[in-house]
Amino acid sequence: MEKENAPAQDVRAVLTEDLLRKFDKPGPRYTSYPTADRFAEHFSPGDAVRVLQARRDGGTDEPLSLYVHIPFCESLCYYCGCNKIITKHHERAAPYLDALEAELALVVKHLGTGRPVSQLHFGGGSPTFLSDAELARLMSALGAAFRLTPDSEVSIEVDPRTVTPERLAHLRTLGFNRLSFGVQDFDAAVQQAVHRVQSFEMVRDLMVAARAQGYVSINADLIYGLPKQTPESFARTVQQISELRPDRIALYAYAHLPERFKPQRRIHDADLPPAPDRIAMLGDAITGFLARGYSYIGMDHFALPDDSLAIAKQEGRLHRNFQGYSTQPDCDLVALGVSAIGRVGASYYQNAKTIEAYEGSLQKGELPVIRGYALTTDDEVRHDVIMALMCQGRLAFEPIERAHGIRMGEYFARELEAMRGLAASGLVTFDEGAIQVTAAGWFLVRAIAMVFDAHLHKARDAQGQAPGQGQVQTVRFSRVI
């Protein structure tokens with residue numbers, strides 16, 4: 001585990017211009033390994049059926065994680081890279097719920113009814129696009145298909161513009177105990193530039209109501225690197241959100257990929273803050289949150305010291321999944337809805353990305369899976385290595401060797417040589433039988449993890465590069481900083 005005081009250093013004090021030029025490149029966030037861009041279309045609905053049946057027949061009753069994707073939003077946020085449908089026609093939700101229930105019935109048919117679920121998350125889009133009655137209908141269907149454990153985490157992403165304290169109270173009666181508010185930035189000019197206007201007072205009043213209603217945890221999402229942002233304006237947002245004391249804060253770097261996400265073409269490159277300002281925003285935010293009593297969880301997450309995420313970090317029990325850092329072990333994830341990604345056993349799968357294709361498959365009685373990936377033995381080794389770096393900031397050799405029957409020095413000879421180069425750059429140190437991420441390295445931990453990504457090695461080999469050079473350019477990923 002990295003030293004507790006390491007992240008407290010000012011980012012600008014440990015990240016030199018030379019380091020940034022060398023390592024601040026596009027790279028995966030590693031919410032999975034292999035990453036979703038490696039999924040292949042030859043993974044069929046039949047493959048997904050076999051994976052679900054294998055879990056059912058394997059006799060395990062370990063709790064599942066469950067994700068439900070609600071794609072609808074009333075208005076377009078220009079920065080958004082999520083799979084969404086922009087509409088004010090709320091009647092579109094009813095047929096989508098029909099399709100969700102059809103998918104749920106197919107999943108239960110192959111997986112079995114009443115499987116325990118320890119983590120349920122509604123994402124989108126804007127799940128609160130659904131009416132109170134529609135949310136109740138969906139929760140009832142899920143409750144009939146699965147069994148929520150007594151200590152389950154039941155969370156929903158909330159658009160502050162589409163909920164009221166009364167709606168939050170209704171969500172609480174449905175069983176939700178965690179909320180995630182999409183805030184991004186409180187500055188008026190930034191909100192106008194990204195087409196998402198919501199006042200500080202609006203968010204404040206909703207958080208106050210949520211606490212009074214007994215929600216266990218409240219999360220707020222922020223984004224730095226948005227158009228019109230400055231270090232000074234973002235520092236005000238950091239101060240304001242800290243005053244509201246959400247239990248968790250997710251701080252993401254804006255990924256400007258207009259070639260991939262059409263809405264981002266409405267953002268002018270000239271309005272984006274330059275790299276030195278982005279670094280300043282990140283450094284000031286980390287310093288600001290730490291000074292206001294938050295613990296630095298890693299890469300993009302902060303939490304109050306008594307939050308379960310901070311406790312898991314202290315105890316070395318941190319995990320990472322498609323929602324980011326988590327207290328939940330690396331359990332099977334069943335995903336429902338258009339574009340949703342799940343993992344069961346050693347296989348990932350993804351549903352159809354358009355609502356027409358999604359509903360069309362279900363009308364034919366098929367799971368709406370369009371692609372996926374079955375992990376190889378090598379993938380499983382590298383998954384554990386990358387997650388150790390991303391979650392603990394430390395790669396201990398002996399547990400990996402014991403779990404997978406390998407010798408690190410032989411299996412990862414090329415990668416360990418590259419790590420020597422990262423050590424020379426000050427990103428890692430070599431301890432006895434382990435690699436430790438340094439204070440500077442923690443801010444570039446994605447670049448460190450990339451060294452062990454065999455799928456990126458292939459691209460580097462094609463370009464004649466060594467795995468530590470960090471020079472692969474691609475529009476698939478956001479920048480490391």
# chains A, B, ... in the order shown; residues from 1 in each chain; ligands from 1
call {"tool": "select_by_dssp", "arguments": {"residues": "region 60-251 of chain A", "states": "strand (DSSP E)", "output": "number ranges by chain"}}
result
A: 64-70, 72-73, 85-86, 115-124, 146-158, 178-184, 217-224, 248-251
call {"tool": "write_last_selection", "arguments": {"atoms": "C-alpha atoms", "output": "PDB file, in the first residue's frame"}}
result
ATOM      1  CA  LEU A  64     -23.557 -10.957  -7.372  1.00  0.00           C
ATOM      2  CA  SER A  65     -23.170  -7.338  -8.357  1.00  0.00           C
ATOM      3  CA  LEU A  66     -26.019  -6.030 -10.525  1.00  0.00           C
ATOM      4  CA  TYR A  67     -25.964  -3.054 -12.896  1.00  0.00           C
ATOM      5  CA  VAL A  68     -28.998  -1.594 -14.696  1.00  0.00           C
ATOM      6  CA  HIS A  69     -28.531   0.959 -17.490  1.00  0.00           C
ATOM      7  CA  ILE A  70     -31.245   3.581 -18.033  1.00  0.00           C
ATOM      8  CA  PHE A  72     -32.664   8.391 -21.220  1.00  0.00           C
ATOM      9  CA  CYS A  73     -31.806  12.037 -20.508  1.00  0.00           C
ATOM     10  CA  ILE A  85     -30.908   8.834 -25.593  1.00  0.00           C
ATOM     11  CA  ILE A  86     -31.881  12.493 -25.417  1.00  0.00           C
ATOM     12  CA  ARG A 115     -29.392 -15.417  -6.441  1.00  0.00           C
ATOM     13  CA  PRO A 116     -28.029 -13.096  -3.721  1.00  0.00           C
ATOM     14  CA  VAL A 117     -26.999  -9.583  -4.736  1.00  0.00           C
ATOM     15  CA  SER A 118     -24.727  -7.468  -2.546  1.00  0.00           C
ATOM     16  CA  GLN A 119     -24.430  -4.474  -4.881  1.00  0.00           C
ATOM     17  CA  LEU A 120     -27.099  -2.949  -7.141  1.00  0.00           C
ATOM     18  CA  HIS A 121     -26.433   0.175  -9.182  1.00  0.00           C
ATOM     19  CA  PHE A 122     -28.667   2.168 -11.531  1.00  0.00           C
ATOM     20  CA  GLY A 123     -26.665   4.188 -14.070  1.00  0.00           C
ATOM     21  CA  GLY A 124     -27.227   5.953 -17.327  1.00  0.00           C
ATOM     22  CA  PHE A 146     -32.818 -11.722  -7.159  1.00  0.00           C
ATOM     23  CA  ARG A 147     -32.363 -11.592  -3.381  1.00  0.00           C
ATOM     24  CA  LEU A 148     -30.751  -8.448  -1.977  1.00  0.00           C
ATOM     25  CA  THR A 149     -28.514  -9.252   0.981  1.00  0.00           C
ATOM     26  CA  PRO A 150     -29.241  -7.398   4.246  1.00  0.00           C
ATOM     27  CA  ASP A 151     -26.098  -5.267   3.907  1.00  0.00           C
ATOM     28  CA  SER A 152     -26.389  -4.685   0.157  1.00  0.00           C
ATOM     29  CA  GLU A 153     -25.305  -1.412  -1.417  1.00  0.00           C
ATOM     30  CA  VAL A 154     -28.213  -0.103  -3.509  1.00  0.00           C
ATOM     31  CA  SER A 155     -27.226   3.041  -5.402  1.00  0.00           C
ATOM     32  CA  ILE A 156     -28.604   5.282  -8.112  1.00  0.00           C
ATOM     33  CA  GLU A 157     -27.154   8.136 -10.165  1.00  0.00           C
ATOM     34  CA  VAL A 158     -29.201  11.292  -9.670  1.00  0.00           C
ATOM     35  CA  ARG A 178     -26.773   5.410  -1.711  1.00  0.00           C
ATOM     36  CA  LEU A 179     -26.942   8.367  -4.083  1.00  0.00           C
ATOM     37  CA  SER A 180     -24.525   9.752  -6.647  1.00  0.00           C
ATOM     38  CA  PHE A 181     -25.072  13.362  -7.704  1.00  0.00           C
ATOM     39  CA  GLY A 182     -23.767  14.536 -11.061  1.00  0.00           C
ATOM     40  CA  VAL A 183     -22.299  17.956 -10.220  1.00  0.00           C
ATOM     41  CA  GLN A 184     -19.233  18.380 -12.495  1.00  0.00           C
ATOM     42  CA  SER A 217     -23.621   7.351   1.507  1.00  0.00           C
ATOM     43  CA  ILE A 218     -23.745  10.337  -0.834  1.00  0.00           C
ATOM     44  CA  ASN A 219     -21.327  10.726  -3.735  1.00  0.00           C
ATOM     45  CA  ALA A 220     -20.632  13.780  -5.889  1.00  0.00           C
ATOM     46  CA  ASP A 221     -19.015  13.629  -9.328  1.00  0.00           C
ATOM     47  CA  LEU A 222     -16.721  16.430 -10.475  1.00  0.00           C
ATOM     48  CA  ILE A 223     -14.840  16.871 -13.756  1.00  0.00           C
ATOM     49  CA  TYR A 224     -11.714  18.951 -14.324  1.00  0.00           C
ATOM     50  CA  ARG A 248     -17.418  10.370  -1.406  1.00  0.00           C
ATOM     51  CA  ILE A 249     -16.137  12.520  -4.236  1.00  0.00           C
ATOM     52  CA  ALA A 250     -15.221  11.242  -7.684  1.00  0.00           C
ATOM     53  CA  LEU A 251     -12.879  13.603  -9.540  1.00  0.00           C
TER      54      LEU A 251
END
call {"tool": "residues_around", "arguments": {"residues": "Glu41 (chain A)", "least_positions_apart": "2", "cutoff": "9 Å", "atoms": "only C-alpha atoms", "output": "ChimeraX atom specification"}}
result
/A:39,43-44,370-373
call {"tool": "select_by_dssp", "arguments": {"residues": "region 209-430 of chain A", "states": "helix (DSSP H, G or I)", "output": "MDAnalysis selection string"}}
result
chainID A and resid 209:212 231:244 262:266 269:271 275:291 308:314 355:363 377:392 397:404 408:411 413:424
call {"tool": "residues_around", "arguments": {"residues": "Gln239 (chain A)", "least_positions_apart": "6", "cutoff": "9 Å", "atoms": "only C-alpha atoms", "output": "number ranges by chain"}}
result
A: 285, 288-289, 292
call {"tool": "write_last_selection", "arguments": {"atoms": "C-alpha atoms", "output": "PDB file, in the first residue's frame"}}
result
ATOM      1  CA  ALA A 285      -8.221  19.750  -5.784  1.00  0.00           C
ATOM      2  CA  GLY A 288      -8.002  21.118  -1.052  1.00  0.00           C
ATOM      3  CA  PHE A 289      -9.866  17.900  -0.313  1.00  0.00           C
ATOM      4  CA  ARG A 292     -10.789  19.608   4.375  1.00  0.00           C
TER       5      ARG A 292
END
call {"tool": "closest_residue", "arguments": {"among": "A:Glu166, A:Asp98, A:Asp284, A:Asp453", "to": "Glu380 (chain A)", "atoms": "only C-alpha atoms"}}
result
A:Asp453
call {"tool": "residues_around", "arguments": {"residues": "Asp306 (chain A)", "least_positions_apart": "4", "cutoff": "12 Å", "atoms": "only C-alpha atoms", "output": "MDAnalysis selection string"}}
result
chainID A and resid 216:217 246:248 293:295 302 310:314
call {"tool": "residues_around", "arguments": {"residues": "Ala144 (chain A)", "least_positions_apart": "4", "cutoff": "12 Å", "atoms": "only C-alpha atoms", "output": "ChimeraX atom specification"}}
result
/A:101,104-105,108,112-116,137-140,148
call {"tool": "write_last_selection", "arguments": {"atoms": "C-alpha atoms", "output": "mmCIF file, in the first residue's frame"}}
result
data_model
loop_
_atom_site.group_PDB
_atom_site.id
_atom_site.type_symbol
_atom_site.label_atom_id
_atom_site.label_comp_id
_atom_site.auth_asym_id
_atom_site.auth_seq_id
_atom_site.Cartn_x
_atom_site.Cartn_y
_atom_site.Cartn_z
ATOM 1 C CA GLU A 101 -38.101 -7.277 -17.859
ATOM 2 C CA LEU A 104 -34.289 -10.144 -16.791
ATOM 3 C CA ALA A 105 -36.479 -13.195 -17.431
ATOM 4 C CA VAL A 108 -32.908 -15.696 -14.548
ATOM 5 C CA GLY A 112 -31.423 -19.255 -11.604
ATOM 6 C CA THR A 113 -33.918 -17.341 -9.469
ATOM 7 C CA GLY A 114 -33.153 -15.806 -6.100
ATOM 8 C CA ARG A 115 -29.392 -15.417 -6.441
ATOM 9 C CA PRO A 116 -28.029 -13.096 -3.721
ATOM 10 C CA ARG A 137 -42.023 -1.386 -11.135
ATOM 11 C CA LEU A 138 -38.371 -2.027 -11.976
ATOM 12 C CA MET A 139 -37.318 -2.557 -8.367
ATOM 13 C CA SER A 140 -40.201 -4.970 -7.902
ATOM 14 C CA LEU A 148 -30.751 -8.448 -1.977
#
call {"tool": "residues_around", "arguments": {"residues": "region 167-169 of chain A", "least_positions_apart": "5", "cutoff": "9 Å", "atoms": "only C-alpha atoms", "output": "ChimeraX atom specification"}}
result
/A:128,132,174,206,209-210,213
call {"tool": "atom_distance", "arguments": {"atom1": "CA of Gly298 (chain A)", "atom2": "CA of Leu444 (chain A)"}}
result
10.8 Å
call {"tool": "closest_residue", "arguments": {"among": "A:Asp384, A:Gly316, A:Leu282, A:Glu134", "to": "Glu91 (chain A)", "atoms": "only C-alpha atoms"}}
result
A:Glu134
call {"tool": "decode", "arguments": {"residues": "region 322-415 of chain A", "atoms": "C-alpha atoms", "output": "mmCIF file, in the first residue's frame"}}
result
data_model
loop_
_atom_site.group_PDB
_atom_site.id
_atom_site.type_symbol
_atom_site.label_atom_id
_atom_site.label_comp_id
_atom_site.auth_asym_id
_atom_site.auth_seq_id
_atom_site.Cartn_x
_atom_site.Cartn_y
_atom_site.Cartn_z
ATOM 1 C CA PHE A 322 -16.784 -0.603 -14.020
ATOM 2 C CA GLN A 323 -18.085 1.951 -11.481
ATOM 3 C CA GLY A 324 -14.559 2.801 -10.258
ATOM 4 C CA TYR A 325 -13.104 1.990 -6.833
ATOM 5 C CA SER A 326 -15.276 -0.240 -4.682
ATOM 6 C CA THR A 327 -15.379 -2.055 -1.353
ATOM 7 C CA GLN A 328 -16.937 -5.070 -3.071
ATOM 8 C CA PRO A 329 -14.695 -8.043 -3.890
ATOM 9 C CA ASP A 330 -14.171 -8.915 -7.539
ATOM 10 C CA CYS A 331 -17.516 -10.703 -7.828
ATOM 11 C CA ASP A 332 -19.568 -11.608 -10.883
ATOM 12 C CA LEU A 333 -21.402 -8.646 -12.393
ATOM 13 C CA VAL A 334 -24.728 -9.139 -14.164
ATOM 14 C CA ALA A 335 -25.527 -6.167 -16.404
ATOM 15 C CA LEU A 336 -28.966 -5.298 -17.780
ATOM 16 C CA GLY A 337 -29.986 -2.725 -20.361
ATOM 17 C CA VAL A 338 -28.744 -1.213 -23.579
ATOM 18 C CA SER A 339 -24.901 -1.130 -23.865
ATOM 19 C CA ALA A 340 -24.457 -2.566 -20.341
ATOM 20 C CA ILE A 341 -21.243 -4.521 -19.655
ATOM 21 C CA GLY A 342 -21.132 -7.514 -17.342
ATOM 22 C CA ARG A 343 -18.612 -10.064 -16.198
ATOM 23 C CA VAL A 344 -19.470 -13.620 -15.191
ATOM 24 C CA GLY A 345 -16.713 -16.113 -14.482
ATOM 25 C CA ALA A 346 -13.829 -15.461 -16.841
ATOM 26 C CA SER A 347 -15.937 -13.744 -19.489
ATOM 27 C CA TYR A 348 -17.008 -10.175 -20.204
ATOM 28 C CA TYR A 349 -20.053 -9.399 -22.313
ATOM 29 C CA GLN A 350 -21.722 -6.261 -23.637
ATOM 30 C CA ASN A 351 -25.289 -5.653 -24.764
ATOM 31 C CA ALA A 352 -26.376 -3.965 -27.990
ATOM 32 C CA LYS A 353 -25.568 -0.263 -28.054
ATOM 33 C CA THR A 354 -28.759 0.952 -29.766
ATOM 34 C CA ILE A 355 -32.192 0.585 -28.268
ATOM 35 C CA GLU A 356 -33.515 -0.780 -31.574
ATOM 36 C CA ALA A 357 -30.978 -3.614 -31.655
ATOM 37 C CA TYR A 358 -31.405 -4.242 -27.932
ATOM 38 C CA GLU A 359 -35.185 -4.538 -28.112
ATOM 39 C CA GLY A 360 -34.980 -6.458 -31.407
ATOM 40 C CA SER A 361 -32.908 -9.251 -29.870
ATOM 41 C CA LEU A 362 -35.282 -9.581 -26.950
ATOM 42 C CA GLN A 363 -38.291 -9.732 -29.236
ATOM 43 C CA LYS A 364 -36.650 -12.792 -30.808
ATOM 44 C CA GLY A 365 -36.164 -14.349 -27.382
ATOM 45 C CA GLU A 366 -32.371 -13.850 -27.394
ATOM 46 C CA LEU A 367 -30.064 -12.174 -24.924
ATOM 47 C CA PRO A 368 -29.096 -8.809 -26.471
ATOM 48 C CA VAL A 369 -25.348 -9.551 -26.275
ATOM 49 C CA ILE A 370 -23.388 -8.279 -29.278
ATOM 50 C CA ARG A 371 -19.781 -8.815 -28.190
ATOM 51 C CA GLY A 372 -17.627 -10.044 -25.365
ATOM 52 C CA TYR A 373 -14.336 -11.554 -24.325
ATOM 53 C CA ALA A 374 -13.264 -14.796 -22.685
ATOM 54 C CA LEU A 375 -10.165 -14.210 -20.557
ATOM 55 C CA THR A 376 -7.127 -16.335 -21.240
ATOM 56 C CA THR A 377 -4.852 -17.609 -18.487
ATOM 57 C CA ASP A 378 -2.437 -14.789 -19.336
ATOM 58 C CA ASP A 379 -5.256 -12.230 -19.082
ATOM 59 C CA GLU A 380 -6.128 -13.449 -15.597
ATOM 60 C CA VAL A 381 -2.516 -13.076 -14.414
ATOM 61 C CA ARG A 382 -2.242 -9.583 -15.853
ATOM 62 C CA HIS A 383 -5.649 -8.612 -14.453
ATOM 63 C CA ASP A 384 -4.432 -9.366 -10.930
ATOM 64 C CA VAL A 385 -1.165 -7.489 -11.478
ATOM 65 C CA ILE A 386 -2.859 -4.389 -12.878
ATOM 66 C CA MET A 387 -5.510 -4.304 -10.154
ATOM 67 C CA ALA A 388 -2.826 -4.599 -7.448
ATOM 68 C CA LEU A 389 -1.134 -1.519 -8.883
ATOM 69 C CA MET A 390 -4.382 0.408 -9.357
ATOM 70 C CA CYS A 391 -5.888 -0.433 -5.967
ATOM 71 C CA GLN A 392 -2.989 -0.899 -3.550
ATOM 72 C CA GLY A 393 -0.224 1.021 -5.312
ATOM 73 C CA ARG A 394 1.988 -1.975 -4.608
ATOM 74 C CA LEU A 395 2.696 -5.148 -6.557
ATOM 75 C CA ALA A 396 3.893 -7.911 -4.241
ATOM 76 C CA PHE A 397 5.396 -10.779 -6.253
ATOM 77 C CA GLU A 398 4.749 -13.727 -3.930
ATOM 78 C CA PRO A 399 0.905 -13.614 -3.933
ATOM 79 C CA ILE A 400 0.853 -13.428 -7.748
ATOM 80 C CA GLU A 401 3.337 -16.272 -8.069
ATOM 81 C CA ARG A 402 1.387 -18.415 -5.603
ATOM 82 C CA ALA A 403 -2.002 -17.741 -7.167
ATOM 83 C CA HIS A 404 -0.925 -18.359 -10.745
ATOM 84 C CA GLY A 405 2.029 -20.722 -10.496
ATOM 85 C CA ILE A 406 4.512 -18.427 -12.208
ATOM 86 C CA ARG A 407 7.868 -16.819 -11.522
ATOM 87 C CA MET A 408 7.542 -13.068 -11.884
ATOM 88 C CA GLY A 409 11.128 -12.591 -13.052
ATOM 89 C CA GLU A 410 10.638 -15.064 -15.893
ATOM 90 C CA TYR A 411 7.010 -14.408 -16.817
ATOM 91 C CA PHE A 412 7.338 -10.618 -16.794
ATOM 92 C CA ALA A 413 11.002 -10.229 -17.765
ATOM 93 C CA ARG A 414 10.212 -7.650 -20.435
ATOM 94 C CA GLU A 415 7.812 -5.720 -18.213
#
